[in-house]
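Participant: Here you go, this is protein-v2.csv (CSV, N, CA and C atoms).
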```csv
chain,number,residue,atom,x,y,z
W,411,GLN,N,0.8,-1.2,0.0
W,411,GLN,CA,0.0,0.0,0.0
W,411,GLN,C,0.9,1.2,0.0
W,412,VAL,N,0.6,2.2,-0.9
W,412,VAL,CA,1.3,3.4,-1.0
W,412,VAL,C,1.1,4.3,0.2
W,413,GLN,N,2.1,4.9,0.7
W,413,GLN,CA,2.0,5.8,1.8
W,413,GLN,C,2.9,7.0,1.5
W,414,LEU,N,2.3,8.2,1.8
W,414,LEU,CA,3.1,9.5,1.6
W,414,LEU,C,3.1,10.2,2.9
W,415,VAL,N,4.3,10.7,3.2
W,415,VAL,CA,4.5,11.5,4.5
W,415,VAL,C,5.1,12.8,4.1
W,416,GLY,N,4.3,13.9,4.2
W,416,GLY,CA,4.8,15.2,3.9
W,416,GLY,C,5.3,16.0,5.1
W,417,SER,N,6.2,16.9,4.9
W,417,SER,CA,6.7,17.7,6.0
W,417,SER,C,7.2,19.0,5.5
W,418,GLY,N,7.5,20.0,6.4
W,418,GLY,CA,8.2,21.2,6.0
W,418,GLY,C,7.4,22.5,6.0
W,419,GLY,N,6.2,22.4,6.3
W,419,GLY,CA,5.4,23.6,6.3
W,419,GLY,C,5.7,24.5,7.5
W,420,GLY,N,5.1,25.7,7.6
W,420,GLY,CA,5.3,26.6,8.7
W,420,GLY,C,4.9,28.0,8.4
W,421,LEU,N,5.3,28.9,9.2
W,421,LEU,CA,5.0,30.3,9.1
W,421,LEU,C,6.2,31.0,8.5
W,422,VAL,N,6.0,31.8,7.5
W,422,VAL,CA,7.1,32.5,6.9
W,422,VAL,C,6.7,33.9,6.5
W,423,GLN,N,7.6,34.9,6.5
W,423,GLN,CA,7.2,36.2,6.1
W,423,GLN,C,7.2,36.3,4.5
W,424,PRO,N,6.4,37.3,4.0
W,424,PRO,CA,6.4,37.5,2.6
W,424,PRO,C,7.8,37.7,2.0
W,425,GLY,N,8.1,37.0,0.9
W,425,GLY,CA,9.5,37.1,0.3
W,425,GLY,C,10.4,36.0,0.8
W,426,GLY,N,9.9,35.2,1.8
W,426,GLY,CA,10.7,34.2,2.4
W,426,GLY,C,10.6,32.9,1.6
W,427,SER,N,11.3,31.9,2.1
W,427,SER,CA,11.4,30.6,1.5
W,427,SER,C,11.0,29.4,2.4
W,428,LEU,N,10.5,28.4,1.9
W,428,LEU,CA,10.3,27.1,2.6
W,428,LEU,C,10.5,26.0,1.6
W,429,ARG,N,10.9,24.8,2.1
W,429,ARG,CA,11.0,23.6,1.3
W,429,ARG,C,10.1,22.5,1.9
W,430,LEU,N,9.2,22.0,1.1
W,430,LEU,CA,8.4,20.9,1.5
W,430,LEU,C,9.0,19.6,1.0
W,431,SER,N,8.8,18.6,1.8
W,431,SER,CA,9.3,17.2,1.5
W,431,SER,C,8.2,16.2,1.5
W,432,CYS,N,8.3,15.2,0.7
W,432,CYS,CA,7.3,14.1,0.7
W,432,CYS,C,8.1,12.8,0.5
W,433,GLU,N,7.9,11.9,1.4
W,433,GLU,CA,8.6,10.6,1.3
W,433,GLU,C,7.5,9.6,1.0
W,434,ALA,N,7.8,8.8,0.0
W,434,ALA,CA,6.8,7.8,-0.5
W,434,ALA,C,7.3,6.4,-0.2
W,435,SER,N,6.4,5.5,0.1
W,435,SER,CA,6.8,4.1,0.3
W,435,SER,C,5.7,3.2,-0.1
W,436,GLY,N,6.0,1.9,-0.4
W,436,GLY,CA,5.0,0.9,-0.7
W,436,GLY,C,4.9,0.5,-2.1
W,437,ASP,N,5.6,1.0,-3.0
W,437,ASP,CA,5.5,0.6,-4.4
W,437,ASP,C,6.8,1.0,-5.2
W,438,ILE,N,6.7,0.8,-6.5
W,438,ILE,CA,7.8,1.2,-7.4
W,438,ILE,C,7.4,2.5,-8.0
W,439,PHE,N,8.1,3.6,-7.5
W,439,PHE,CA,7.6,4.9,-7.9
W,439,PHE,C,8.1,5.4,-9.2
W,440,SER,N,8.8,4.6,-9.9
W,440,SER,CA,9.1,5.1,-11.3
W,440,SER,C,7.9,5.1,-12.2
W,441,ILE,N,6.8,4.5,-11.8
W,441,ILE,CA,5.6,4.6,-12.6
W,441,ILE,C,4.6,5.6,-12.0
W,442,TYR,N,5.0,6.4,-11.1
W,442,TYR,CA,4.1,7.4,-10.5
W,442,TYR,C,4.5,8.8,-10.9
W,443,ASN,N,3.6,9.6,-11.3
W,443,ASN,CA,3.8,11.0,-11.2
W,443,ASN,C,3.6,11.5,-9.8
W,444,MET,N,4.4,12.4,-9.3
W,444,MET,CA,4.3,12.9,-8.0
W,444,MET,C,4.3,14.4,-8.0
W,445,GLY,N,3.5,15.0,-7.1
W,445,GLY,CA,3.4,16.4,-7.1
W,445,GLY,C,2.8,16.9,-5.9
W,446,TRP,N,2.5,18.2,-5.9
W,446,TRP,CA,1.9,19.0,-4.8
W,446,TRP,C,0.7,19.7,-5.2
W,447,TYR,N,-0.3,19.6,-4.4
W,447,TYR,CA,-1.5,20.4,-4.5
W,447,TYR,C,-1.7,21.3,-3.3
W,448,ARG,N,-2.5,22.3,-3.4
W,448,ARG,CA,-2.8,23.1,-2.2
W,448,ARG,C,-4.3,23.5,-2.2
W,449,GLN,N,-4.7,23.8,-0.9
W,449,GLN,CA,-6.1,24.3,-0.7
W,449,GLN,C,-6.0,25.5,0.1
W,450,PRO,N,-6.1,26.7,-0.5
W,450,PRO,CA,-6.2,27.9,0.2
W,450,PRO,C,-7.4,28.0,1.1
W,451,PRO,N,-7.5,28.8,2.1
W,451,PRO,CA,-8.6,29.0,3.0
W,451,PRO,C,-9.9,29.3,2.2
W,452,GLY,N,-10.9,28.6,2.3
W,452,GLY,CA,-12.2,28.9,1.6
W,452,GLY,C,-12.2,28.6,0.1
W,453,LYS,N,-11.1,28.0,-0.4
W,453,LYS,CA,-11.1,27.7,-1.8
W,453,LYS,C,-10.9,26.2,-2.1
W,454,GLU,N,-11.0,25.9,-3.4
W,454,GLU,CA,-10.9,24.5,-3.8
W,454,GLU,C,-9.4,24.1,-3.9
W,455,LEU,N,-9.2,22.8,-4.0
W,455,LEU,CA,-7.9,22.2,-4.2
W,455,LEU,C,-7.4,22.6,-5.6
W,456,GLU,N,-6.1,22.9,-5.6
W,456,GLU,CA,-5.5,23.3,-6.9
W,456,GLU,C,-4.1,22.7,-7.1
W,457,LEU,N,-3.8,22.4,-8.3
W,457,LEU,CA,-2.4,21.9,-8.6
W,457,LEU,C,-1.4,23.0,-8.4
W,458,VAL,N,-0.3,22.6,-7.8
W,458,VAL,CA,0.8,23.5,-7.6
W,458,VAL,C,1.9,23.1,-8.6
W,459,ALA,N,2.4,21.9,-8.5
W,459,ALA,CA,3.5,21.4,-9.4
W,459,ALA,C,3.5,19.9,-9.4
W,460,VAL,N,3.9,19.3,-10.5
W,460,VAL,CA,4.0,17.9,-10.7
W,460,VAL,C,5.3,17.5,-11.4
W,461,ALA,N,5.9,16.4,-10.9
W,461,ALA,CA,7.1,15.8,-11.6
W,461,ALA,C,6.7,14.5,-12.2
W,462,THR,N,6.8,14.4,-13.5
W,462,THR,CA,6.3,13.2,-14.2
W,462,THR,C,7.3,12.1,-14.2
W,463,THR,N,6.8,10.9,-14.6
W,463,THR,CA,7.7,9.7,-14.8
W,463,THR,C,8.7,9.9,-15.8
W,464,GLY,N,8.4,10.8,-16.8
W,464,GLY,CA,9.4,11.0,-17.9
W,464,GLY,C,10.5,12.0,-17.5
W,465,GLY,N,10.4,12.6,-16.3
W,465,GLY,CA,11.4,13.5,-15.9
W,465,GLY,C,11.0,15.0,-16.1
W,466,GLY,N,9.8,15.2,-16.6
W,466,GLY,CA,9.3,16.5,-16.9
W,466,GLY,C,8.6,17.1,-15.6
W,467,THR,N,8.4,18.4,-15.7
W,467,THR,CA,7.7,19.1,-14.6
W,467,THR,C,6.7,20.1,-15.2
W,468,ASN,N,5.6,20.3,-14.4
W,468,ASN,CA,4.6,21.2,-14.8
W,468,ASN,C,4.3,22.1,-13.5
W,469,TYR,N,4.0,23.3,-13.8
W,469,TYR,CA,3.7,24.2,-12.7
W,469,TYR,C,2.4,25.0,-12.9
W,470,ALA,N,1.7,25.4,-11.9
W,470,ALA,CA,0.7,26.4,-12.0
W,470,ALA,C,1.3,27.7,-12.4
W,471,ASP,N,0.5,28.5,-13.2
W,471,ASP,CA,1.1,29.8,-13.6
W,471,ASP,C,1.4,30.7,-12.4
W,472,SER,N,0.7,30.5,-11.3
W,472,SER,CA,0.9,31.4,-10.2
W,472,SER,C,2.2,31.2,-9.5
W,473,VAL,N,2.8,30.0,-9.7
W,473,VAL,CA,4.0,29.7,-9.0
W,473,VAL,C,5.3,29.6,-9.9
W,474,LYS,N,5.1,29.7,-11.2
W,474,LYS,CA,6.2,29.6,-12.1
W,474,LYS,C,7.2,30.7,-11.8
W,475,GLY,N,8.5,30.2,-11.8
W,475,GLY,CA,9.6,31.1,-11.5
W,475,GLY,C,9.9,31.3,-10.1
W,476,ARG,N,9.0,30.8,-9.2
W,476,ARG,CA,9.2,30.9,-7.8
W,476,ARG,C,9.4,29.6,-7.1
W,477,PHE,N,8.6,28.6,-7.6
W,477,PHE,CA,8.7,27.2,-7.0
W,477,PHE,C,9.4,26.3,-7.9
W,478,THR,N,10.1,25.3,-7.3
W,478,THR,CA,10.8,24.3,-8.0
W,478,THR,C,10.5,22.9,-7.4
W,479,ILE,N,10.0,22.0,-8.3
W,479,ILE,CA,9.8,20.6,-7.8
W,479,ILE,C,10.9,19.7,-8.3
W,480,SER,N,11.3,18.8,-7.4
W,480,SER,CA,12.4,17.8,-7.8
W,480,SER,C,12.1,16.5,-7.1
W,481,ARG,N,12.6,15.4,-7.8
W,481,ARG,CA,12.5,14.1,-7.3
W,481,ARG,C,13.9,13.4,-7.1
W,482,VAL,N,14.1,12.8,-6.0
W,482,VAL,CA,15.3,12.1,-5.8
W,482,VAL,C,15.1,10.7,-5.1
W,483,ASN,N,16.2,10.1,-4.8
W,483,ASN,CA,16.1,8.8,-4.0
W,483,ASN,C,15.2,7.8,-4.7
W,484,ASN,N,15.6,7.4,-6.0
W,484,ASN,CA,14.8,6.5,-6.8
W,484,ASN,C,13.4,6.9,-6.9
W,485,TRP,N,13.2,8.1,-7.1
W,485,TRP,CA,11.8,8.7,-7.3
W,485,TRP,C,10.9,8.7,-6.1
W,486,ARG,N,11.5,8.3,-4.9
W,486,ARG,CA,10.6,8.2,-3.8
W,486,ARG,C,10.5,9.4,-3.0
W,487,THR,N,11.3,10.4,-3.2
W,487,THR,CA,11.2,11.7,-2.4
W,487,THR,C,11.0,12.8,-3.4
W,488,VAL,N,10.0,13.6,-3.0
W,488,VAL,CA,9.8,14.8,-3.9
W,488,VAL,C,9.9,16.0,-3.0
W,489,TYR,N,10.5,17.0,-3.5
W,489,TYR,CA,10.7,18.3,-2.8
W,489,TYR,C,10.0,19.4,-3.6
W,490,LEU,N,9.5,20.4,-2.8
W,490,LEU,CA,8.9,21.6,-3.4
W,490,LEU,C,9.7,22.8,-2.7
W,491,GLN,N,10.6,23.3,-3.5
W,491,GLN,CA,11.3,24.5,-3.0
W,491,GLN,C,10.5,25.8,-3.4
W,492,MET,N,10.1,26.5,-2.3
W,492,MET,CA,9.2,27.7,-2.5
W,492,MET,C,9.9,28.9,-2.2
W,493,ASN,N,10.2,29.8,-3.1
W,493,ASN,CA,10.9,31.0,-2.9
W,493,ASN,C,9.9,32.2,-3.2
W,494,SER,N,10.3,33.3,-2.7
W,494,SER,CA,9.6,34.6,-2.9
W,494,SER,C,8.1,34.4,-2.6
W,495,LEU,N,7.9,33.8,-1.4
W,495,LEU,CA,6.5,33.5,-1.0
W,495,LEU,C,5.6,34.7,-0.8
W,496,LYS,N,4.4,34.5,-1.2
W,496,LYS,CA,3.4,35.6,-1.1
W,496,LYS,C,2.3,35.2,-0.2
W,497,PRO,N,1.5,36.2,0.4
W,497,PRO,CA,0.4,35.8,1.3
W,497,PRO,C,-0.6,34.9,0.6
W,498,GLU,N,-0.7,35.0,-0.7
W,498,GLU,CA,-1.7,34.2,-1.5
W,498,GLU,C,-1.2,32.8,-1.6
W,499,ASP,N,0.0,32.5,-1.2
W,499,ASP,CA,0.5,31.1,-1.2
W,499,ASP,C,0.0,30.3,0.1
W,500,THR,N,-0.6,31.1,1.0
W,500,THR,CA,-1.0,30.4,2.2
W,500,THR,C,-2.1,29.4,1.9
W,501,ALA,N,-1.8,28.2,2.4
W,501,ALA,CA,-2.7,27.0,2.1
W,501,ALA,C,-2.2,25.8,2.8
W,502,VAL,N,-3.1,24.8,2.8
W,502,VAL,CA,-2.6,23.5,3.2
W,502,VAL,C,-2.1,22.8,1.9
W,503,TYR,N,-0.9,22.3,2.0
W,503,TYR,CA,-0.3,21.7,0.9
W,503,TYR,C,-0.3,20.2,1.0
W,504,TYR,N,-0.7,19.5,-0.1
W,504,TYR,CA,-0.8,18.0,0.0
W,504,TYR,C,0.1,17.4,-1.1
W,505,CYS,N,0.9,16.4,-0.7
W,505,CYS,CA,1.6,15.6,-1.6
W,505,CYS,C,0.7,14.6,-2.3
W,506,ASN,N,1.0,14.4,-3.5
W,506,ASN,CA,0.1,13.5,-4.3
W,506,ASN,C,1.0,12.5,-5.2
W,507,ALA,N,0.6,11.3,-5.2
W,507,ALA,CA,1.3,10.3,-6.1
W,507,ALA,C,0.2,9.7,-7.0
W,508,GLN,N,0.3,9.7,-8.3
W,508,GLN,CA,-0.6,9.1,-9.2
W,508,GLN,C,0.0,8.0,-10.0
W,509,ASN,N,-0.5,6.8,-9.8
W,509,ASN,CA,-0.1,5.6,-10.6
W,509,ASN,C,-0.4,5.8,-12.1
W,510,THR,N,0.6,5.9,-12.9
W,510,THR,CA,0.3,6.3,-14.3
W,510,THR,C,-0.4,5.1,-15.1
W,511,ARG,N,-0.4,3.9,-14.5
W,511,ARG,CA,-1.1,2.8,-15.2
W,511,ARG,C,-2.5,2.7,-14.8
W,512,THR,N,-2.8,2.9,-13.5
W,512,THR,CA,-4.2,2.7,-13.0
W,512,THR,C,-4.9,4.0,-12.8
W,513,ARG,N,-4.1,5.1,-12.8
W,513,ARG,CA,-4.7,6.5,-12.5
W,513,ARG,C,-5.2,6.6,-11.1
W,514,VAL,N,-4.8,5.8,-10.2
W,514,VAL,CA,-5.2,5.9,-8.8
W,514,VAL,C,-4.3,6.9,-8.1
W,515,ASP,N,-5.0,7.8,-7.3
W,515,ASP,CA,-4.3,8.8,-6.6
W,515,ASP,C,-4.1,8.4,-5.1
W,516,THR,N,-2.9,8.8,-4.6
W,516,THR,CA,-2.7,8.6,-3.2
W,516,THR,C,-2.3,10.0,-2.6
W,517,TRP,N,-2.8,10.3,-1.4
W,517,TRP,CA,-2.5,11.7,-0.9
W,517,TRP,C,-1.8,11.6,0.5
W,518,GLY,N,-0.9,12.6,0.7
W,518,GLY,CA,-0.3,12.7,2.0
W,518,GLY,C,-1.3,13.4,2.9
W,519,GLN,N,-0.8,13.6,4.2
W,519,GLN,CA,-1.7,14.2,5.2
W,519,GLN,C,-1.9,15.7,5.2
W,520,GLY,N,-1.1,16.4,4.4
W,520,GLY,CA,-1.3,17.8,4.3
W,520,GLY,C,-0.3,18.5,5.3
W,521,THR,N,0.2,19.7,4.9
W,521,THR,CA,1.1,20.5,5.7
W,521,THR,C,0.7,21.9,5.5
W,522,GLN,N,0.6,22.7,6.6
W,522,GLN,CA,0.1,24.1,6.5
W,522,GLN,C,1.3,25.0,6.2
W,523,VAL,N,1.1,25.8,5.2
W,523,VAL,CA,2.0,26.9,4.9
W,523,VAL,C,1.3,28.2,5.1
W,524,THR,N,1.8,29.1,5.9
W,524,THR,CA,1.3,30.4,6.2
W,524,THR,C,2.3,31.5,5.9
W,525,VAL,N,1.9,32.4,5.0
W,525,VAL,CA,2.8,33.5,4.6
W,525,VAL,C,2.2,34.8,5.1
W,526,SER,N,2.8,35.3,6.1
W,526,SER,CA,2.2,36.5,6.8
W,526,SER,C,3.3,37.3,7.5
W,527,SER,N,3.1,38.6,7.5
W,527,SER,CA,4.1,39.4,8.3
W,527,SER,C,3.6,39.6,9.7
```
If you took the structure in this file and wrote it as structure tokens, what would it be?
Facilitator:
Amino acid sequence: QVQLVGSGGGLVQPGGSLRLSCEASGDIFSIYNMGWYRQPPGKELELVAVATTGGGTNYADSVKGRFTISRVNNWRTVYLQMNSLKPEDTAVYYCNAQNTRTRVDTWGQGTQVTVSS
């Protein structure tokens, strides 16, 4: 059974940086796309960034140039480096892994990111 454990959230001032981490276990992750979604207060869940099995990356327009996603450790660890954070980045961030063969999604527990002065 696939499990995801996310960490790294917290409170940061505007313009600051944070790095989120997600550790995956329970399967062969070379067949999984892995990424991060977020849910701002009172809003719906939205894609932030994804790292695909082919080595590509996709980003939401709102974070391009500020956030960087990367995968290491035989594809089992995914990082989200967040720079130049803005108050509108405040949200609960969720790690996601999608099996590219079955399209089944697995979610991490969520980590709070708050950008405020």
Participant: Would you mind listing what lies within 8 Å of stretch 475-479 of chain W as a list in words, with all atoms listed in the file counted and same-chain residues fewer than 6 positions away left out?
Facilitator: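 Near neighbours after the sequence-gap exclusion: Gly445, Trp446, Ala459, Val460, Ala461, Thr467, Asn468, Tyr469, Val488, Tyr489, Leu490, Gln491, Met492, Asn493, Ser494 and Leu495 of chain W.
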Participant: Considering all atoms listed in the file, return as a PyMOL selection string whatever protein or nucleic-acid residues lie within 5 Å of W:Asn509, sequence-local ones (same chain, fewer than 3 positions apart) excluded.
Facilitator: chain W and resi 441-442+512-514
Participant: With only N, CA and C atoms as the atoms that count, which of W:Tyr447, W:Trp517, W:Ser526, W:Ala434 lies nearest to W:Val502?
Facilitator: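 Answer, going by the shortest atom-to-atom distance: W:Tyr447.
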Participant: Write down as a PyMOL selection string the residues belonging to chain W that are assigned strand (DSSP E) by DSSP computed on the backbone.
Facilitator: chain W and resi 413-417+420-422+428-435+442-449+456-461+467-469+477-482+487-492+501-509+515-517+521-525
Participant: May I ask which of the residues W:Val422, W:Val458, W:Val525, W:Leu428 is the closest one to W:Tyr504, counting only C-alpha atoms?
Facilitator: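 Of all the options, W:Val458 lies closest to W:Tyr504.
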Participant: Work out how far atom CA of W:Asp499 is from atom CA of W:Arg448, in Å to one decimal.
Facilitator: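 Going from atom CA of W:Arg448 over to atom CA of W:Asp499 covers 8.7 Å.
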Participant: Skipping near chain neighbours, those fewer than 2 positions away, what residues fall within 6 Å of W:Gly520 using all atoms listed in the file, listed as a list of chain:residue names?
Facilitator: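 Listed by chain and then number, they are W:Gly416, W:Val502, W:Tyr503, W:Tyr504, W:Cys505, W:Gly518, W:Gln522.
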Participant: Interatomic distance between atom C of W:Asn506 and atom N of W:Leu421?
Facilitator: 22.2 Å
Participant: Determine the nearest neighbour of W:Thr510 from the options W:Ser472, W:Asn443, W:Gln413, W:Asn484, counting only N, CA and C atoms.
Facilitator: W:Asn443
Participant: W:Ala501, W:Val482, W:Val473, W:Leu414: which is nearest W:Gln519, counting only N, CA and C atoms?
Facilitator: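 Nearest candidate to W:Gln519 out of W:Ala501, W:Val482, W:Val473, W:Leu414: W:Leu414.
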Participant: With distances taken over all atoms listed in the file, which of W:Asn483, W:Thr500, W:Lys474, W:Asp515 is nearest to W:Gln449?
Facilitator: W:Thr500
Participant: Quick one: distance from atom C of W:Ser435 to atom N of W:Gly418 in Å, one decimal?
Facilitator: 18.1 Å
Participant: Measuring between all atoms listed in the file, which one of W:Ser480, W:Gly465, W:Ala470, W:Glu498 shows the shortest distance to W:Pro450?
Facilitator: W:Glu498
